[in-house]
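As stored in entry-v1.csv (CSV, C-alpha atoms (C1' of nucleotides)):
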chain,number,residue,atom,x,y,z
U,99,MET,CA,48.0,-25.8,14.1
U,100,ARG,CA,44.4,-25.2,15.0
U,101,LEU,CA,42.3,-27.9,16.5
U,102,SER,CA,39.9,-27.8,13.6
U,103,ASP,CA,42.7,-28.3,11.2
U,104,SER,CA,44.0,-31.4,13.1
U,105,ILE,CA,40.6,-32.9,13.1
U,106,GLU,CA,40.2,-32.2,9.4
U,107,SER,CA,43.4,-33.8,8.4
U,108,PHE,CA,42.8,-36.7,10.8
U,109,ILE,CA,39.6,-37.5,9.0
U,110,LYS,CA,41.1,-36.9,5.6
U,111,THR,CA,43.9,-39.4,6.2
U,112,MET,CA,41.2,-42.0,7.0
U,113,LEU,CA,39.7,-41.2,3.6
U,114,THR,CA,42.3,-42.7,1.3
U,115,GLN,CA,41.8,-43.5,-2.4
U,116,GLU,CA,40.6,-47.0,-1.6
U,117,GLU,CA,38.4,-45.9,1.2
U,118,PRO,CA,36.0,-43.2,0.1
U,119,GLU,CA,33.9,-43.6,3.2
U,120,VAL,CA,34.6,-43.5,6.9
U,121,GLU,CA,32.4,-44.0,9.9
U,122,LEU,CA,33.1,-42.5,13.3
U,123,LYS,CA,31.7,-41.9,16.8
U,124,ARG,CA,31.4,-38.2,17.5
U,125,ASN,CA,32.0,-38.6,21.2
U,126,GLU,CA,35.0,-40.9,20.8
U,127,LEU,CA,36.6,-38.5,18.3
U,128,ALA,CA,35.9,-35.6,20.6
U,129,GLU,CA,37.4,-37.5,23.5
U,130,TYR,CA,40.5,-38.3,21.4
U,131,PHE,CA,41.0,-34.7,20.6
U,132,LYS,CA,40.0,-33.5,24.1
U,133,CYS,CA,37.4,-31.1,22.8
U,134,ALA,CA,33.7,-30.5,22.9
U,135,PRO,CA,31.7,-32.9,20.8
U,136,SER,CA,30.1,-30.1,19.0
U,137,GLN,CA,33.6,-29.2,17.7
U,138,ILE,CA,33.3,-32.2,15.4
U,139,ASN,CA,30.1,-30.7,14.0
U,140,TYR,CA,31.9,-27.5,13.4
U,141,VAL,CA,34.6,-29.2,11.4
U,142,LEU,CA,32.1,-31.1,9.3
U,143,ALA,CA,30.1,-28.0,8.7
U,144,THR,CA,33.0,-26.0,7.6
U,145,ARG,CA,35.3,-28.5,5.8
U,146,PHE,CA,33.2,-31.4,4.7
U,147,THR,CA,30.3,-29.7,2.9
U,148,LEU,CA,28.6,-30.9,-0.3
U,149,ASP,CA,30.5,-28.2,-2.2
U,150,ASP,CA,33.7,-29.6,-0.8
U,151,GLY,CA,32.7,-32.9,-2.2
U,152,TYR,CA,31.5,-34.7,0.9
U,153,VAL,CA,28.3,-36.1,2.0
U,154,ILE,CA,27.5,-36.6,5.7
U,155,GLU,CA,25.1,-39.1,7.1
U,156,SER,CA,24.4,-39.7,10.7
U,157,ARG,CA,22.2,-41.4,13.3
U,158,ARG,CA,21.5,-40.4,16.8
U,159,GLY,CA,20.7,-42.7,19.7
U,160,GLY,CA,22.2,-46.0,20.8
U,161,GLY,CA,24.7,-47.2,18.2
U,162,GLY,CA,24.7,-43.8,16.6
U,163,TYR,CA,27.4,-42.7,14.2
U,164,ILE,CA,28.6,-40.1,11.7
U,165,ARG,CA,29.5,-41.3,8.2
U,166,ILE,CA,31.6,-39.2,5.9
U,167,VAL,CA,31.5,-40.1,2.2
U,168,ARG,CA,33.8,-38.6,-0.3
U,169,VAL,CA,31.7,-38.0,-3.4
U,170,VAL,CA,33.1,-39.7,-6.5
U,171,TYR,CA,31.9,-37.6,-9.4
U,172,SER,CA,31.1,-39.8,-12.4
U,173,GLY,CA,29.3,-37.1,-14.3
U,174,SER,CA,30.6,-34.7,-16.8
U,175,GLN,CA,32.6,-31.6,-15.8
U,176,ARG,CA,30.1,-29.6,-17.7
U,177,LEU,CA,27.4,-30.4,-15.2
U,178,GLN,CA,29.7,-29.5,-12.3
U,179,TYR,CA,30.5,-26.2,-14.0
U,180,LEU,CA,26.8,-25.4,-14.4
U,181,ILE,CA,26.1,-26.2,-10.8
U,182,ARG,CA,28.8,-23.8,-9.7
U,183,GLU,CA,28.4,-21.0,-12.1
U,184,ARG,CA,24.9,-20.9,-13.3
U,185,ILE,CA,23.0,-21.6,-10.2
U,186,GLY,CA,24.9,-19.9,-7.5
U,187,ASP,CA,23.1,-18.9,-4.3
U,188,ALA,CA,19.8,-17.9,-5.9
U,189,ILE,CA,17.9,-18.5,-9.1
U,190,THR,CA,14.5,-17.7,-10.5
U,191,GLU,CA,12.1,-20.3,-11.9
U,192,ALA,CA,12.6,-19.0,-15.4
U,193,GLU,CA,16.3,-19.3,-15.2
U,194,ALA,CA,16.1,-22.7,-13.7
U,195,VAL,CA,13.7,-23.9,-16.4
U,196,ARG,CA,16.0,-22.6,-19.1
U,197,LEU,CA,19.0,-24.4,-17.5
U,198,ILE,CA,17.1,-27.6,-17.2
U,199,GLY,CA,16.1,-27.4,-20.8
U,200,GLN,CA,19.7,-27.1,-21.8
U,201,LEU,CA,20.6,-30.1,-19.7
U,202,GLU,CA,18.0,-32.2,-21.5
U,203,GLU,CA,19.2,-31.0,-24.9
U,204,GLN,CA,22.8,-31.9,-24.0
U,205,LYS,CA,21.5,-35.3,-22.8
U,206,LEU,CA,22.9,-34.7,-19.4
U,207,VAL,CA,19.5,-35.7,-17.9
U,208,THR,CA,16.6,-37.6,-19.4
U,209,ALA,CA,13.3,-35.9,-20.3
U,210,CYS,CA,11.6,-37.6,-17.4
U,211,GLU,CA,14.3,-36.5,-15.0
U,212,GLY,CA,14.0,-33.0,-16.5
U,213,SER,CA,10.3,-32.8,-15.6
U,214,ILE,CA,11.0,-34.0,-12.1
U,215,LEU,CA,13.6,-31.2,-11.8
U,216,ARG,CA,11.2,-28.6,-13.1
U,217,ALA,CA,8.5,-29.8,-10.8
U,218,ALA,CA,10.8,-29.4,-7.8
U,219,VAL,CA,11.9,-25.9,-8.6
U,220,SER,CA,8.5,-24.6,-9.8
U,221,ASP,CA,7.0,-21.7,-8.0
U,222,THR,CA,3.9,-23.7,-7.0
U,223,ALA,CA,6.1,-26.3,-5.3
U,224,LEU,CA,7.9,-23.6,-3.4
U,225,SER,CA,4.8,-21.6,-2.5
U,226,VAL,CA,5.0,-21.7,1.2
U,227,PRO,CA,4.9,-18.2,2.5
U,228,MET,CA,8.3,-16.7,2.4
U,229,PRO,CA,9.9,-13.6,0.8
U,230,GLU,CA,10.8,-13.9,-2.9
U,231,ALA,CA,14.6,-13.6,-2.2
U,232,MET,CA,14.4,-16.6,0.1
U,233,LYS,CA,12.5,-18.5,-2.4
U,234,ARG,CA,15.2,-18.0,-5.0
U,235,ALA,CA,17.8,-19.2,-2.5
U,236,GLN,CA,15.7,-22.2,-1.6
U,237,ARG,CA,15.3,-23.1,-5.3
U,238,ALA,CA,19.0,-22.8,-5.9
U,239,LYS,CA,19.8,-25.1,-3.0
U,240,ILE,CA,17.3,-27.7,-4.1
U,241,LEU,CA,18.5,-27.6,-7.7
U,242,ARG,CA,22.1,-27.8,-6.7
U,243,ALA,CA,21.4,-30.8,-4.4
U,244,MET,CA,19.5,-32.6,-7.2
U,245,LEU,CA,22.2,-32.0,-9.9
U,246,THR,CA,24.9,-33.0,-7.5
U,247,ALA,CA,23.0,-36.3,-7.1
U,248,VAL,CA,23.1,-36.6,-10.9
U,249,THR,CA,26.8,-36.1,-11.0
U,250,ARG,CA,27.3,-38.9,-8.5
U,251,GLN,CA,25.4,-41.4,-10.7
U,252,ASN,CA,26.7,-43.8,-13.2
U,253,ARG,CA,24.5,-42.4,-15.9
U,254,SER,CA,24.7,-45.5,-18.1
U,255,GLU,CA,22.7,-47.3,-15.4
U,256,CYS,CA,19.9,-44.8,-15.5
U,257,GLN,CA,17.8,-46.7,-18.1
U,258,GLY,CA,14.2,-47.0,-17.0
U,259,GLU,CA,12.7,-50.5,-16.5
U,260,ALA,CA,9.5,-51.6,-18.1
U,261,ALA,CA,6.8,-49.0,-17.8
U,262,PRO,CA,4.2,-49.7,-15.2
U,263,SER,CA,0.7,-50.1,-16.6
U,264,MET,CA,-1.4,-47.0,-16.3
U,265,THR,CA,-4.5,-48.6,-15.1
Y,227,MET,CA,25.6,-53.5,15.3
Y,228,ARG,CA,22.4,-52.5,17.1
Y,229,LEU,CA,20.0,-55.2,18.5
Y,230,SER,CA,17.2,-53.8,16.4
Y,231,ASP,CA,19.3,-54.1,13.2
Y,232,SER,CA,20.1,-57.7,14.0
Y,233,ILE,CA,16.5,-58.5,14.5
Y,234,GLU,CA,15.6,-56.7,11.4
Y,235,SER,CA,18.0,-58.6,9.2
Y,236,PHE,CA,17.1,-61.8,10.8
Y,237,ILE,CA,13.5,-61.3,9.8
Y,238,LYS,CA,14.5,-60.1,6.3
Y,239,THR,CA,16.5,-63.2,5.6
Y,240,MET,CA,13.4,-65.3,6.3
Y,241,LEU,CA,11.5,-63.1,3.8
Y,242,THR,CA,13.1,-64.3,0.6
Y,243,GLN,CA,11.7,-63.8,-2.9
Y,244,GLU,CA,9.7,-67.0,-2.9
Y,245,GLU,CA,8.6,-66.4,0.7
Y,246,PRO,CA,6.7,-63.1,1.0
Y,247,GLU,CA,5.3,-64.1,4.3
Y,248,VAL,CA,6.8,-65.2,7.6
Y,249,GLU,CA,5.2,-66.2,10.9
Y,250,LEU,CA,6.9,-66.0,14.2
Y,251,LYS,CA,6.5,-66.2,18.0
Y,252,ARG,CA,7.2,-62.9,19.7
Y,253,ASN,CA,8.5,-64.5,23.0
Y,254,GLU,CA,10.6,-67.1,21.2
Y,255,LEU,CA,12.3,-64.4,19.1
Y,256,ALA,CA,12.8,-62.2,22.1
Y,257,GLU,CA,14.3,-65.2,24.0
Y,258,TYR,CA,16.6,-65.9,21.0
Y,259,PHE,CA,17.9,-62.4,21.0
Y,260,LYS,CA,17.9,-62.2,24.8
Y,261,CYS,CA,15.8,-59.0,24.9
Y,262,ALA,CA,12.5,-57.7,26.1
Y,263,PRO,CA,9.6,-59.0,24.0
Y,264,SER,CA,8.5,-55.5,23.4
Y,265,GLN,CA,11.7,-55.0,21.5
Y,266,ILE,CA,10.2,-57.0,18.7
Y,267,ASN,CA,7.3,-54.6,18.5
Y,268,TYR,CA,9.7,-51.8,18.3
Y,269,VAL,CA,11.5,-53.3,15.4
Y,270,LEU,CA,8.3,-54.0,13.6
Y,271,ALA,CA,7.0,-50.5,14.2
Y,272,THR,CA,10.1,-48.8,13.0
Y,273,ARG,CA,11.3,-51.1,10.1
Y,274,PHE,CA,8.3,-53.0,8.8
Y,275,THR,CA,5.8,-50.3,8.4
Y,276,LEU,CA,3.4,-50.0,5.5
Y,277,ASP,CA,5.6,-47.3,4.1
Y,278,ASP,CA,8.4,-49.9,4.0
Y,279,GLY,CA,6.0,-52.2,2.2
Y,280,TYR,CA,5.0,-54.6,5.0
Y,281,VAL,CA,1.8,-55.6,6.7
Y,282,ILE,CA,1.7,-57.1,10.2
Y,283,GLU,CA,-1.0,-59.4,11.5
Y,284,SER,CA,-1.0,-61.0,14.9
Y,285,ARG,CA,-3.0,-63.0,17.4
Y,286,ARG,CA,-2.7,-63.2,21.2
Y,287,GLY,CA,-3.4,-66.1,23.5
Y,288,GLY,CA,-2.5,-69.8,23.2
Y,289,GLY,CA,-1.0,-70.5,19.7
Y,290,GLY,CA,-0.5,-66.8,19.2
Y,291,TYR,CA,1.7,-65.5,16.4
Y,292,ILE,CA,3.0,-62.5,14.5
Y,293,ARG,CA,2.8,-62.6,10.7
Y,294,ILE,CA,4.8,-60.3,8.5
Y,295,VAL,CA,3.7,-60.0,4.9
Y,296,ARG,CA,5.6,-58.2,2.2
Y,297,VAL,CA,3.0,-56.4,0.1
Y,298,VAL,CA,3.1,-55.7,-3.6
Y,299,TYR,CA,1.3,-52.7,-5.0
Y,300,SER,CA,-0.2,-52.3,-8.4
Y,301,GLY,CA,1.6,-49.7,-10.4
Y,302,SER,CA,0.3,-46.2,-10.7
Y,303,GLN,CA,-2.4,-46.6,-8.0
Y,304,ARG,CA,0.4,-46.6,-5.5
Y,305,LEU,CA,1.5,-43.2,-6.8
Y,306,GLN,CA,-2.0,-41.8,-6.7
Y,307,TYR,CA,-2.4,-43.0,-3.1
Y,308,LEU,CA,0.9,-41.4,-2.1
Y,309,ILE,CA,0.1,-38.1,-3.7
Y,310,ARG,CA,-3.4,-37.9,-2.5
Y,311,GLU,CA,-3.4,-39.6,0.9
Y,312,ARG,CA,0.0,-40.3,2.3
Y,313,ILE,CA,2.1,-37.2,1.8
Y,314,GLY,CA,-0.4,-34.8,3.0
Y,315,ASP,CA,0.5,-31.3,4.1
Y,316,ALA,CA,3.8,-32.2,5.8
Y,317,ILE,CA,6.3,-35.0,5.8
Y,318,THR,CA,9.6,-35.7,7.5
Y,319,GLU,CA,12.8,-36.6,5.6
Y,320,ALA,CA,12.8,-40.1,7.1
Y,321,GLU,CA,9.2,-40.8,5.9
Y,322,ALA,CA,9.9,-39.4,2.5
Y,323,VAL,CA,13.0,-41.6,2.1
Y,324,ARG,CA,11.0,-44.7,2.9
Y,325,LEU,CA,8.3,-43.8,0.4
Y,326,ILE,CA,10.9,-43.2,-2.3
Y,327,GLY,CA,12.6,-46.5,-1.5
Y,328,GLN,CA,9.3,-48.2,-2.1
Y,329,LEU,CA,8.8,-46.5,-5.4
Y,330,GLU,CA,12.2,-47.7,-6.5
Y,331,GLU,CA,11.5,-51.2,-5.4
Y,332,GLN,CA,8.1,-51.2,-7.3
Y,333,LYS,CA,10.0,-49.8,-10.3
Y,334,LEU,CA,7.8,-46.8,-10.4
Y,335,VAL,CA,10.9,-44.7,-10.6
Y,336,THR,CA,14.4,-45.5,-11.7
Y,337,ALA,CA,17.3,-45.6,-9.2
Y,338,CYS,CA,18.6,-42.4,-10.7
Y,339,GLU,CA,15.3,-40.6,-10.4
Y,340,GLY,CA,15.1,-41.9,-6.8
Y,341,SER,CA,18.4,-40.2,-5.9
Y,342,ILE,CA,17.1,-37.0,-7.4
Y,343,LEU,CA,14.0,-37.2,-5.4
Y,344,ARG,CA,15.9,-37.9,-2.2
Y,345,ALA,CA,18.2,-35.0,-2.9
Y,346,ALA,CA,15.3,-32.6,-3.3
Y,347,VAL,CA,13.7,-33.6,0.0
Y,348,SER,CA,16.9,-33.8,2.0
Y,349,ASP,CA,17.2,-31.7,5.1
Y,350,THR,CA,20.3,-30.1,3.7
Y,351,ALA,CA,18.6,-29.0,0.5
Y,352,LEU,CA,15.8,-27.4,2.6
Y,353,SER,CA,18.2,-25.8,5.0
Y,354,VAL,CA,17.3,-22.2,4.4
Y,355,PRO,CA,16.4,-20.7,7.8
Y,356,MET,CA,12.8,-21.7,8.6
Y,357,PRO,CA,11.0,-23.5,11.3
Y,358,GLU,CA,10.9,-27.2,11.2
Y,359,ALA,CA,7.1,-27.4,10.7
Y,360,MET,CA,7.4,-25.2,7.6
Y,361,LYS,CA,10.2,-27.3,6.3
Y,362,ARG,CA,8.0,-30.4,6.5
Y,363,ALA,CA,5.3,-28.5,4.6
Y,364,GLN,CA,7.8,-27.4,2.0
Y,365,ARG,CA,9.0,-30.9,1.6
Y,366,ALA,CA,5.5,-32.3,1.1
Y,367,LYS,CA,4.8,-29.8,-1.6
Y,368,ILE,CA,7.9,-30.5,-3.5
Y,369,LEU,CA,7.6,-34.2,-3.2
Y,370,ARG,CA,4.0,-34.1,-4.4
Y,371,ALA,CA,4.9,-31.8,-7.3
Y,372,MET,CA,7.6,-34.2,-8.4
Y,373,LEU,CA,5.5,-37.3,-8.1
Y,374,THR,CA,2.7,-35.6,-10.0
Y,375,ALA,CA,5.2,-34.9,-12.7
Y,376,VAL,CA,6.1,-38.6,-12.7
Y,377,THR,CA,2.4,-39.6,-13.2
Y,378,ARG,CA,2.2,-37.3,-16.2
Y,379,GLN,CA,5.1,-39.0,-17.9
Y,380,ASN,CA,4.9,-41.7,-20.4
Y,381,ARG,CA,7.2,-43.9,-18.4
Y,382,SER,CA,8.1,-46.1,-21.4
Y,383,GLU,CA,10.0,-43.0,-22.7
Y,384,CYS,CA,12.1,-42.6,-19.7
Y,385,GLN,CA,15.0,-44.6,-20.9
Y,386,GLY,CA,18.3,-42.8,-20.4
Y,387,GLU,CA,20.2,-41.9,-23.6
Y,388,ALA,CA,23.8,-42.6,-24.1
Y,389,ALA,CA,25.9,-41.9,-21.0
Y,390,PRO,CA,27.8,-38.6,-21.2
Y,391,SER,CA,31.4,-38.8,-21.8
Y,392,MET,CA,33.6,-39.0,-18.7
Y,393,THR,CA,35.7,-35.9,-19.5
X,277,DG,C1',39.8,-2.0,18.5
X,278,DG,C1',37.1,-4.7,15.2
X,279,DC,C1',36.3,-8.6,12.6
X,280,DC,C1',36.1,-13.4,11.7
X,281,DA,C1',37.1,-18.1,12.7
X,282,DA,C1',37.3,-21.4,16.4
X,283,DT,C1',35.8,-23.2,20.7
X,284,DT,C1',32.8,-24.4,24.3
X,285,DG,C1',28.8,-25.9,26.9
X,286,DA,C1',24.0,-25.9,27.9
X,287,DC,C1',20.0,-27.5,25.9
X,288,DT,C1',17.4,-30.2,22.3
X,289,DT,C1',16.1,-34.0,19.4
X,290,DT,C1',16.3,-38.6,17.8
X,291,DC,C1',16.7,-43.5,18.4
X,292,DT,C1',17.0,-47.6,21.3
X,293,DT,C1',16.0,-50.7,25.1
X,294,DT,C1',13.5,-52.2,29.0
X,295,DG,C1',9.7,-53.1,32.1
X,296,DA,C1',5.3,-52.6,34.2
X,297,DC,C1',0.8,-53.1,33.1
X,298,DC,C1',-3.1,-54.2,29.7
X,299,DA,C1',-5.9,-57.0,26.3
X,300,DA,C1',-7.1,-61.0,23.9
X,301,DC,C1',-7.3,-65.8,23.1
X,302,DT,C1',-7.5,-71.0,24.5
X,303,DG,C1',-8.9,-74.8,27.1
X,304,DG,C1',-10.5,-77.0,31.0
X,305,DA,C1',-13.5,-77.2,35.2
X,306,DT,C1',-18.0,-76.3,36.8
E,46,DA,C1',-22.7,-71.9,28.7
E,47,DT,C1',-19.7,-69.6,32.2
E,48,DC,C1',-15.8,-68.8,34.5
E,49,DC,C1',-11.1,-69.0,35.5
E,50,DA,C1',-6.2,-69.8,34.8
E,51,DG,C1',-2.8,-69.7,31.7
E,52,DT,C1',-0.7,-68.1,27.5
E,53,DT,C1',0.4,-64.8,24.3
E,54,DG,C1',0.9,-60.4,22.1
E,55,DG,C1',0.2,-54.9,22.7
E,56,DT,C1',1.0,-50.3,24.7
E,57,DC,C1',3.2,-46.8,26.8
E,58,DA,C1',6.2,-44.3,29.5
E,59,DA,C1',10.8,-43.8,31.3
E,60,DA,C1',15.6,-44.3,31.1
E,61,DG,C1',19.7,-44.4,28.3
E,62,DA,C1',22.6,-43.4,24.4
E,63,DA,C1',24.1,-40.9,20.9
E,64,DA,C1',24.2,-36.8,17.8
E,65,DG,C1',22.5,-31.7,16.6
E,66,DT,C1',21.8,-26.7,17.5
E,67,DC,C1',22.8,-22.4,18.9
E,68,DA,C1',24.4,-18.6,21.3
E,69,DA,C1',28.2,-16.9,24.0
E,70,DT,C1',32.9,-16.6,24.5
E,71,DT,C1',37.8,-16.7,23.0
E,72,DG,C1',41.7,-15.8,20.1
E,73,DG,C1',44.3,-14.2,16.0
E,74,DC,C1',45.0,-11.0,12.6
E,75,DC,C1',44.4,-6.6,10.2
Render the structure in this file as structure tokens.
Amino acid sequence: MRLSDSIESFIKTMLTQEEPEVELKRNELAEYFKCAPSQINYVLATRFTLDDGYVIESRRGGGGYIRIVRVVYSGSQRLQYLIRERIGDAITEAEAVRLIGQLEEQKLVTACEGSILRAAVSDTALSVPMPEAMKRAQRAKILRAMLTAVTRQNRSECQGEAAPSMT
Amino acid sequence: MRLSDSIESFIKTMLTQEEPEVELKRNELAEYFKCAPSQINYVLATRFTLDDGYVIESRRGGGGYIRIVRVVYSGSQRLQYLIRERIGDAITEAEAVRLIGQLEEQKLVTACEGSILRAAVSDTALSVPMPEAMKRAQRAKILRAMLTAVTRQNRSECQGEAAPSMT
DNA sequence: GGCCAATTGACTTTCTTTGACCAACTGGAT
DNA sequence: ATCCAGTTGGTCAAAGAAAGTCAATTGGCC
């Protein structure tokens, strides 16, 4: 059994059904497995990605930690399907706009959320100097991250509060 | 738990809903936590910034004090300020997260919208290969575009529709 | 042998804590 | 009114404590 596999399953046994979240010290874990600390990063990068259904948070410095959260999808499978199939590794603004329109129509996101999504993937927002291909990749990543956030939400709690006065 | 965290929560428990303002003695607090007085300044500088929604006033000399005031902004002016002044040409993820937290607290965006905003400006979403400086510029552009979209919305229409089925 | 995944370690970045030194008030003595 | 001693708080740089990055090597598997 490879070291990476051991570390992976070690972490996964900590993440039981009742415990969707685990916090660990990188150096301690590395010490436990007698390996380089960066090995932990490797395992996280290859086996606990967002696509695998995990979110990693961490802090450096004194009292630092690494937190691994198993994402609980509360959204529809339809949205997850769209994320995987329609977006992929690259997407144009036109395709993204069309997709967002469908999400609104199907009431998977609100109109307000839709306009936020459109703003984030607009060509003007992504207009830092970079080749077109990279821009499409960047757009895909952002859109996927945002929609993944949506799937994690309890959508029934997404009602807006009172509107602020537009003074 | 970090010392800074303890001091932070200590101060925050003093700042209740009815009490938007607290006055303290730096040396007393430092003595209470058995730390260097400048540690208090560190906590204030990192956890009670204007971005976090606090204003600090103080006086030196006999009868000196530090006063921490939680500020409340007026609706859309806050958004205008953020877009025009605060975000600027570049912003870090940490800064962006603070601002978004404030927007949620002021009810300028819903919690769901907040998590979409955070996802869009996250380091992982922007992790196409590019230098850090460009990433911060990219993040600023995206955040500004999204918040501009929010200002254009009639926020009273932002209520979420029925929650999608959990299939 | 070539390719890809895994491993390592040197170097970097971020966050925290401390301490030495500085700046601003207050109040009393002159 | 001035000056001085004492009392606070402020700043900044250095040290310490994690975690992150990246490129070079290693090790299996076709």
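The Cα RMSD of chain U against chain Y, after a best least-squares fit over all residues paired in order, is 13.9 Å.
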Compute the set of chain E residues within 12 Å of chain U, using all atoms listed in the file, and express it as a PyMOL selection string.
chain E and resi 61-67+72-73
Could you tell me which residues of chain X sit within 10 Å of chain Y when counting all atoms listed in the file, and give me the result as a ChimeraX atom specification?
/X:292-295,299-303
Counting all atoms listed in the file, what is within 8 Å of Gly340 in chain Y, bar same-chain residues fewer than 4 positions away, as JSON, numbers by chain?
{"Y": [326, 327, 329, 330, 335, 336, 344]}
Write out as a PyMOL selection string the residues lying within 8 Å of Leu373 in chain Y, counting all atoms listed in the file and excluding same-chain residues fewer than 3 positions away.
(chain U and resi 214) or (chain Y and resi 305+309+369-370+376-377)
Atom completion result for range 120-133 of chain U (N, CA and C atoms) as an mmCIF file, in the frame of the given file:
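selection16.cif written:
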data_model
loop_
_atom_site.group_PDB
_atom_site.id
_atom_site.type_symbol
_atom_site.label_atom_id
_atom_site.label_comp_id
_atom_site.auth_asym_id
_atom_site.auth_seq_id
_atom_site.Cartn_x
_atom_site.Cartn_y
_atom_site.Cartn_z
ATOM 1 N N VAL U 120 34.140 -43.162 5.592
ATOM 2 C CA VAL U 120 34.600 -43.500 6.900
ATOM 3 C C VAL U 120 33.461 -43.203 7.929
ATOM 4 N N GLU U 121 33.411 -44.072 8.929
ATOM 5 C CA GLU U 121 32.400 -44.000 9.900
ATOM 6 C C GLU U 121 33.012 -43.714 11.271
ATOM 7 N N LEU U 122 32.494 -42.788 12.023
ATOM 8 C CA LEU U 122 33.100 -42.500 13.300
ATOM 9 C C LEU U 122 32.049 -42.177 14.360
ATOM 10 N N LYS U 123 32.513 -42.231 15.620
ATOM 11 C CA LYS U 123 31.700 -41.900 16.800
ATOM 12 C C LYS U 123 32.026 -40.466 17.177
ATOM 13 N N ARG U 124 31.058 -39.598 17.204
ATOM 14 C CA ARG U 124 31.400 -38.200 17.500
ATOM 15 C C ARG U 124 32.019 -38.081 18.896
ATOM 16 N N ASN U 125 31.455 -38.756 19.903
ATOM 17 C CA ASN U 125 32.000 -38.600 21.200
ATOM 18 C C ASN U 125 33.411 -39.168 21.373
ATOM 19 N N GLU U 126 33.663 -40.283 20.704
ATOM 20 C CA GLU U 126 35.000 -40.900 20.800
ATOM 21 C C GLU U 126 36.035 -39.919 20.159
ATOM 22 N N LEU U 127 35.698 -39.383 19.006
ATOM 23 C CA LEU U 127 36.600 -38.500 18.300
ATOM 24 C C LEU U 127 36.869 -37.236 19.185
ATOM 25 N N ALA U 128 35.804 -36.733 19.779
ATOM 26 C CA ALA U 128 35.900 -35.600 20.600
ATOM 27 C C ALA U 128 36.825 -35.884 21.845
ATOM 28 N N GLU U 129 36.640 -37.070 22.379
ATOM 29 C CA GLU U 129 37.400 -37.500 23.500
ATOM 30 C C GLU U 129 38.920 -37.586 23.107
ATOM 31 N N TYR U 130 39.156 -38.162 21.929
ATOM 32 C CA TYR U 130 40.500 -38.300 21.400
ATOM 33 C C TYR U 130 41.206 -36.963 21.261
ATOM 34 N N PHE U 131 40.457 -35.977 20.805
ATOM 35 C CA PHE U 131 41.000 -34.700 20.600
ATOM 36 C C PHE U 131 40.843 -33.744 21.828
ATOM 37 N N LYS U 132 40.254 -34.288 22.862
ATOM 38 C CA LYS U 132 40.000 -33.500 24.100
ATOM 39 C C LYS U 132 39.295 -32.242 23.842
ATOM 40 N N CYS U 133 38.212 -32.345 23.126
ATOM 41 C CA CYS U 133 37.400 -31.100 22.800
ATOM 42 C C CYS U 133 35.956 -31.396 23.000
#
